[in-house]
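K.L.:
The structure is given below, and queries will be raised subsequently.
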Amino acid sequence: MKKLFWSLILVFTVMSCSSDKDDSSTDNISDQTLTGTVEGKAFTVQGGKAFFRSSTSTEEITIYLTNENFGCDSDIFDYTLTVNTSVPNMVGVYTDVNIVTQDGNNTPFNNLTETIVEITAVSDTEISGKMKLNKEGSEAFPESIFEGAFTVSICE
């Protein structure tokens with residue numbers, strides 16, 4: 001009985017010392033314009049657009065962000081730096097979703113961990129949210145570290 005008592009005390013002590021930090025929290029994502037680095041280059045979102053993933057469904061939406069001033073009126077997709085992701089077409093927080101970063105015509109880089117996308121508002125014509133990515137650089141891959149808010153038009 002004495003061993004059981006001390007075992008329970010140990011278990012409760014360890015549980016009470018565990019971290020309350022939730023890495024998927026969007027509370028710490030800046031409300032400022034999305035800014036940081038994309039593939040090792042300075043990036044501040046200037047434009048972008050969003051599309052439904054399928055012409056027959058509006059359940060998922062793909063968001064394209066760029067450091068150039070483009071929107072639905074442009075049919076150009078060859079931007080200097082891009083960030084894109086696909087998320088459900090509804091307000092919510094989505095963690096460990098694929099955020100794709102690309103520098104011009106270089107190979108896109110898929111980031112599947114340490115990613116957070118929060119969709120804060122969706123209307124018939126635009127989508128707003130916050131995004132955070134923390135991909136440390138290495139000799140093989142430049143860093144992509146950014147966070148902040150965005151609003152882009154939903155294009156037909």
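By order of appearance in the structure tokens: chains A, B, ..., then residues from 1 within every chain, and ligands from 1 in the order shown.
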Set the distance at 9 Å and use only C-alpha atoms: which residues neighbour A:Gln32 once local chain neighbours fewer than 3 positions away are removed? I'd like the list as a VMD selection string.
P.N.:
chain A and resid 29 35 147 to 150
K.L.:
Restricting it to all heavy atoms, dump the selection as a compact mmCIF listing (two decimals), in the first residue's frame.
P.N.:
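Everything below was put into again_15.txt:
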```
# COMPACT_ATOMS: atom_id res chain seq x y z
N ILE A 29 0.41 34.02 -33.18
CA ILE A 29 0.65 34.44 -34.56
C ILE A 29 0.29 35.92 -34.68
O ILE A 29 -0.77 36.35 -34.27
CB ILE A 29 -0.19 33.64 -35.57
CG1 ILE A 29 0.19 32.17 -35.54
CG2 ILE A 29 0.02 34.18 -36.99
CD1 ILE A 29 -0.62 31.31 -36.51
N THR A 35 4.83 38.30 -42.95
CA THR A 35 6.18 38.71 -43.33
C THR A 35 7.20 37.74 -42.76
O THR A 35 6.90 37.01 -41.82
CB THR A 35 6.47 40.15 -42.86
OG1 THR A 35 7.67 40.61 -43.45
CG2 THR A 35 6.55 40.25 -41.36
N GLU A 147 5.31 34.58 -40.51
CA GLU A 147 4.02 34.55 -39.84
C GLU A 147 3.29 35.86 -40.07
O GLU A 147 3.90 36.86 -40.42
CB GLU A 147 4.17 34.29 -38.34
CG GLU A 147 4.75 35.45 -37.55
CD GLU A 147 4.74 35.20 -36.07
OE1 GLU A 147 3.66 35.32 -35.46
OE2 GLU A 147 5.82 34.87 -35.53
N GLY A 148 1.98 35.82 -39.92
CA GLY A 148 1.18 37.02 -40.03
C GLY A 148 -0.15 36.79 -40.72
O GLY A 148 -0.54 35.64 -40.97
N ALA A 149 -0.82 37.87 -41.00
CA ALA A 149 -2.18 37.84 -41.51
C ALA A 149 -2.21 38.13 -43.02
O ALA A 149 -1.30 38.75 -43.57
CB ALA A 149 -3.04 38.86 -40.78
N PHE A 150 -3.29 37.65 -43.64
CA PHE A 150 -3.49 37.87 -45.08
C PHE A 150 -4.98 37.94 -45.37
O PHE A 150 -5.80 37.41 -44.63
CB PHE A 150 -2.87 36.74 -45.91
CG PHE A 150 -3.50 35.41 -45.65
CD1 PHE A 150 -4.61 34.99 -46.37
CD2 PHE A 150 -3.00 34.56 -44.67
CE1 PHE A 150 -5.23 33.76 -46.12
CE2 PHE A 150 -3.59 33.33 -44.41
CZ PHE A 150 -4.71 32.93 -45.13
```
K.L.:
What is the distance between atom CA of A:Asp124 and atom CA of A:Glu68, in Å to one decimal?
P.N.:
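According to the coordinates, atom CA of A:Asp124 and atom CA of A:Glu68 are separated by 23.6 Å.
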K.L.:
Would you list the contacts of A:Gly47 as a compact mmCIF listing (two decimals) with all heavy atoms, in the first residue's frame, taking every protein, DNA or RNA residue within 10 Å and counting only C-alpha atoms, but skipping same-chain residues closer than 4 positions in sequence?
P.N.:
```txt
# COMPACT_ATOMS: atom_id res chain seq x y z
N TYR A 64 -3.06 31.17 -52.61
CA TYR A 64 -1.75 31.56 -53.15
C TYR A 64 -1.41 32.95 -52.64
O TYR A 64 -2.20 33.87 -52.81
CB TYR A 64 -1.76 31.59 -54.67
CG TYR A 64 -1.91 30.25 -55.32
CD1 TYR A 64 -3.17 29.75 -55.62
CD2 TYR A 64 -0.79 29.48 -55.64
CE1 TYR A 64 -3.31 28.50 -56.22
CE2 TYR A 64 -0.93 28.24 -56.24
CZ TYR A 64 -2.19 27.76 -56.52
OH TYR A 64 -2.33 26.53 -57.11
N LEU A 65 -0.25 33.10 -52.03
CA LEU A 65 0.23 34.40 -51.56
C LEU A 65 1.55 34.70 -52.24
O LEU A 65 2.37 33.81 -52.46
CB LEU A 65 0.43 34.37 -50.03
CG LEU A 65 -0.77 33.96 -49.19
CD1 LEU A 65 -0.38 33.87 -47.73
CD2 LEU A 65 -1.92 34.93 -49.39
N THR A 66 1.79 35.98 -52.55
CA THR A 66 3.03 36.37 -53.21
C THR A 66 3.50 37.73 -52.69
O THR A 66 2.73 38.47 -52.09
CB THR A 66 2.84 36.42 -54.75
OG1 THR A 66 4.08 36.81 -55.35
CG2 THR A 66 1.76 37.37 -55.15
N ASN A 67 4.76 38.02 -52.95
CA ASN A 67 5.31 39.31 -52.57
C ASN A 67 5.13 40.34 -53.68
O ASN A 67 5.73 41.41 -53.64
CB ASN A 67 6.80 39.17 -52.21
CG ASN A 67 7.64 38.67 -53.37
OD1 ASN A 67 7.16 37.94 -54.23
ND2 ASN A 67 8.90 39.04 -53.38
N GLU A 68 4.30 40.03 -54.64
CA GLU A 68 3.99 40.95 -55.73
C GLU A 68 2.50 41.31 -55.67
O GLU A 68 1.69 40.54 -55.16
CB GLU A 68 4.34 40.32 -57.07
CG GLU A 68 5.83 40.00 -57.17
CD GLU A 68 6.20 39.30 -58.45
OE1 GLU A 68 5.72 39.74 -59.51
OE2 GLU A 68 6.97 38.33 -58.38
N ASN A 69 2.14 42.47 -56.22
CA ASN A 69 0.77 42.96 -56.13
C ASN A 69 -0.08 42.40 -57.27
O ASN A 69 -0.23 43.04 -58.30
CB ASN A 69 0.77 44.49 -56.14
CG ASN A 69 -0.58 45.06 -55.78
OD1 ASN A 69 -1.46 44.34 -55.33
ND2 ASN A 69 -0.74 46.34 -55.99
N PHE A 70 -0.61 41.20 -57.08
CA PHE A 70 -1.47 40.55 -58.06
C PHE A 70 -2.73 40.07 -57.38
O PHE A 70 -2.74 39.77 -56.20
CB PHE A 70 -0.78 39.34 -58.71
CG PHE A 70 0.35 39.71 -59.64
CD1 PHE A 70 1.66 39.52 -59.27
CD2 PHE A 70 0.08 40.25 -60.88
CE1 PHE A 70 2.69 39.85 -60.11
CE2 PHE A 70 1.11 40.59 -61.74
CZ PHE A 70 2.42 40.39 -61.36
N GLY A 71 -3.80 39.94 -58.15
CA GLY A 71 -5.06 39.43 -57.65
C GLY A 71 -5.76 38.64 -58.73
O GLY A 71 -5.14 38.16 -59.68
N CYS A 72 -7.07 38.53 -58.63
CA CYS A 72 -7.86 37.75 -59.58
C CYS A 72 -7.78 38.26 -61.01
O CYS A 72 -7.96 37.49 -61.95
CB CYS A 72 -9.33 37.71 -59.14
SG CYS A 72 -9.62 36.75 -57.65
N THR A 82 6.51 32.61 -53.71
CA THR A 82 5.13 32.23 -53.43
C THR A 82 5.03 31.34 -52.21
O THR A 82 5.95 30.61 -51.86
CB THR A 82 4.48 31.48 -54.62
OG1 THR A 82 5.23 30.30 -54.89
CG2 THR A 82 4.40 32.34 -55.85
N PHE A 150 -3.29 37.65 -43.64
CA PHE A 150 -3.49 37.87 -45.08
C PHE A 150 -4.98 37.94 -45.37
O PHE A 150 -5.80 37.41 -44.63
CB PHE A 150 -2.87 36.74 -45.91
CG PHE A 150 -3.50 35.41 -45.65
CD1 PHE A 150 -4.61 34.99 -46.37
CD2 PHE A 150 -3.00 34.56 -44.67
CE1 PHE A 150 -5.23 33.76 -46.12
CE2 PHE A 150 -3.59 33.33 -44.41
CZ PHE A 150 -4.71 32.93 -45.13
N THR A 151 -5.32 38.60 -46.46
CA THR A 151 -6.67 38.60 -47.03
C THR A 151 -6.50 38.59 -48.54
O THR A 151 -5.76 39.42 -49.08
CB THR A 151 -7.48 39.83 -46.61
OG1 THR A 151 -7.64 39.82 -45.19
CG2 THR A 151 -8.86 39.84 -47.27
N VAL A 152 -7.13 37.61 -49.21
CA VAL A 152 -7.06 37.55 -50.66
C VAL A 152 -8.45 37.29 -51.23
O VAL A 152 -9.33 36.76 -50.55
CB VAL A 152 -6.08 36.45 -51.17
CG1 VAL A 152 -4.64 36.82 -50.81
CG2 VAL A 152 -6.44 35.09 -50.64
N SER A 153 -8.61 37.65 -52.49
CA SER A 153 -9.89 37.42 -53.17
C SER A 153 -10.02 35.97 -53.57
O SER A 153 -9.03 35.31 -53.91
CB SER A 153 -9.97 38.29 -54.43
OG SER A 153 -9.95 39.65 -54.08
```
K.L.:
List as a PyMOL selection string the protein and nucleic acid residues near stretch 91-100 of chain A, meaning an atom at most 12 Å away when only C-alpha atoms are counted, but skip any in the same chain fewer than 2 places from it.
P.N.:
chain A and resi 22-27+29+38-39+59-66+81-89+102-103+107-123+127-135+144-146
K.L.:
Please indicate the distance in Å from atom CA of A:Ile154 to atom CA of A:Phe51, rounded to one decimal place.
P.N.:
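If I compute the distance from atom CA of A:Ile154 to atom CA of A:Phe51, I get 5.7 Å.
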K.L.:
DSSP says strand (DSSP E or B) for which residues of stretch 43-153 of chain A? Put them as a VMD selection string?
P.N.:
chain A and resid 43 to 44 47 to 54 57 to 66 81 to 88 92 to 95 99 to 103 109 to 111 115 to 122 126 to 135 144 to 153
K.L.:
Could those residues be written to a file, using C-alpha atoms, as a compact mmCIF listing (two decimals), in the first residue's frame?
P.N.:
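This is the output file again-v4.txt:
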```txt
# COMPACT_ATOMS: atom_id res chain seq x y z
CA PHE A 43 9.09 38.19 -47.98
CA THR A 44 6.08 40.39 -47.24
CA GLY A 47 -1.05 40.05 -53.18
CA GLY A 48 -2.50 36.70 -53.99
CA LYS A 49 -5.65 34.82 -54.82
CA ALA A 50 -7.66 31.80 -53.76
CA PHE A 51 -9.45 29.10 -55.75
CA PHE A 52 -11.74 26.22 -54.94
CA ARG A 53 -9.79 22.99 -55.41
CA SER A 54 -12.46 21.57 -57.68
CA SER A 57 -16.96 21.37 -54.85
CA THR A 58 -16.45 24.34 -52.55
CA GLU A 59 -15.30 22.25 -49.57
CA GLU A 60 -11.58 22.97 -49.92
CA ILE A 61 -9.81 26.11 -51.02
CA THR A 62 -6.24 26.72 -52.23
CA ILE A 63 -4.64 30.01 -51.19
CA TYR A 64 -1.75 31.56 -53.15
CA LEU A 65 0.23 34.40 -51.56
CA THR A 66 3.03 36.37 -53.21
CA LEU A 81 8.28 34.19 -54.25
CA THR A 82 5.13 32.23 -53.43
CA VAL A 83 3.46 30.57 -50.49
CA ASN A 84 0.43 28.35 -50.99
CA THR A 85 -1.70 25.95 -49.01
CA SER A 86 -5.03 24.14 -49.24
CA VAL A 87 -7.44 24.14 -46.32
CA PRO A 88 -11.13 23.49 -45.68
CA GLY A 92 -10.91 27.15 -38.21
CA VAL A 93 -7.37 26.31 -37.16
CA TYR A 94 -5.42 23.80 -39.22
CA THR A 95 -2.09 22.46 -37.97
CA ILE A 99 2.46 24.89 -46.86
CA VAL A 100 4.35 25.04 -50.15
CA THR A 101 7.09 27.65 -50.58
CA GLN A 102 8.77 28.47 -53.88
CA ASP A 103 11.44 30.83 -55.17
CA PHE A 109 9.30 22.90 -51.13
CA ASN A 110 6.55 21.09 -49.19
CA ASN A 111 6.45 21.94 -45.48
CA THR A 115 2.78 24.79 -39.83
CA ILE A 116 -0.34 26.58 -38.67
CA VAL A 117 -3.06 28.10 -40.82
CA GLU A 118 -6.00 29.84 -39.18
CA ILE A 119 -8.87 30.92 -41.39
CA THR A 120 -10.54 33.84 -39.62
CA ALA A 121 -13.19 34.86 -42.18
CA VAL A 122 -14.67 33.54 -45.41
CA GLU A 126 -12.56 36.77 -50.12
CA ILE A 127 -10.80 34.72 -47.46
CA SER A 128 -8.78 36.02 -44.50
CA GLY A 129 -6.51 34.28 -42.09
CA LYS A 130 -3.16 33.94 -40.40
CA MET A 131 -0.31 31.63 -41.26
CA LYS A 132 2.90 30.54 -39.56
CA LEU A 133 5.81 28.42 -40.81
CA ASN A 134 9.14 27.74 -39.14
CA LYS A 135 11.46 25.83 -41.50
CA SER A 144 11.37 29.76 -44.73
CA ILE A 145 10.26 31.42 -41.51
CA PHE A 146 7.22 33.68 -41.61
CA GLU A 147 4.02 34.55 -39.84
CA GLY A 148 1.18 37.02 -40.03
CA ALA A 149 -2.18 37.84 -41.51
CA PHE A 150 -3.49 37.87 -45.08
CA THR A 151 -6.67 38.60 -47.03
CA VAL A 152 -7.06 37.55 -50.66
CA SER A 153 -9.89 37.42 -53.17
```
K.L.:
Work out how far atom CA of A:Ala42 is from atom CA of A:Pro142, in Å to one decimal.
P.N.:
11.6 Å
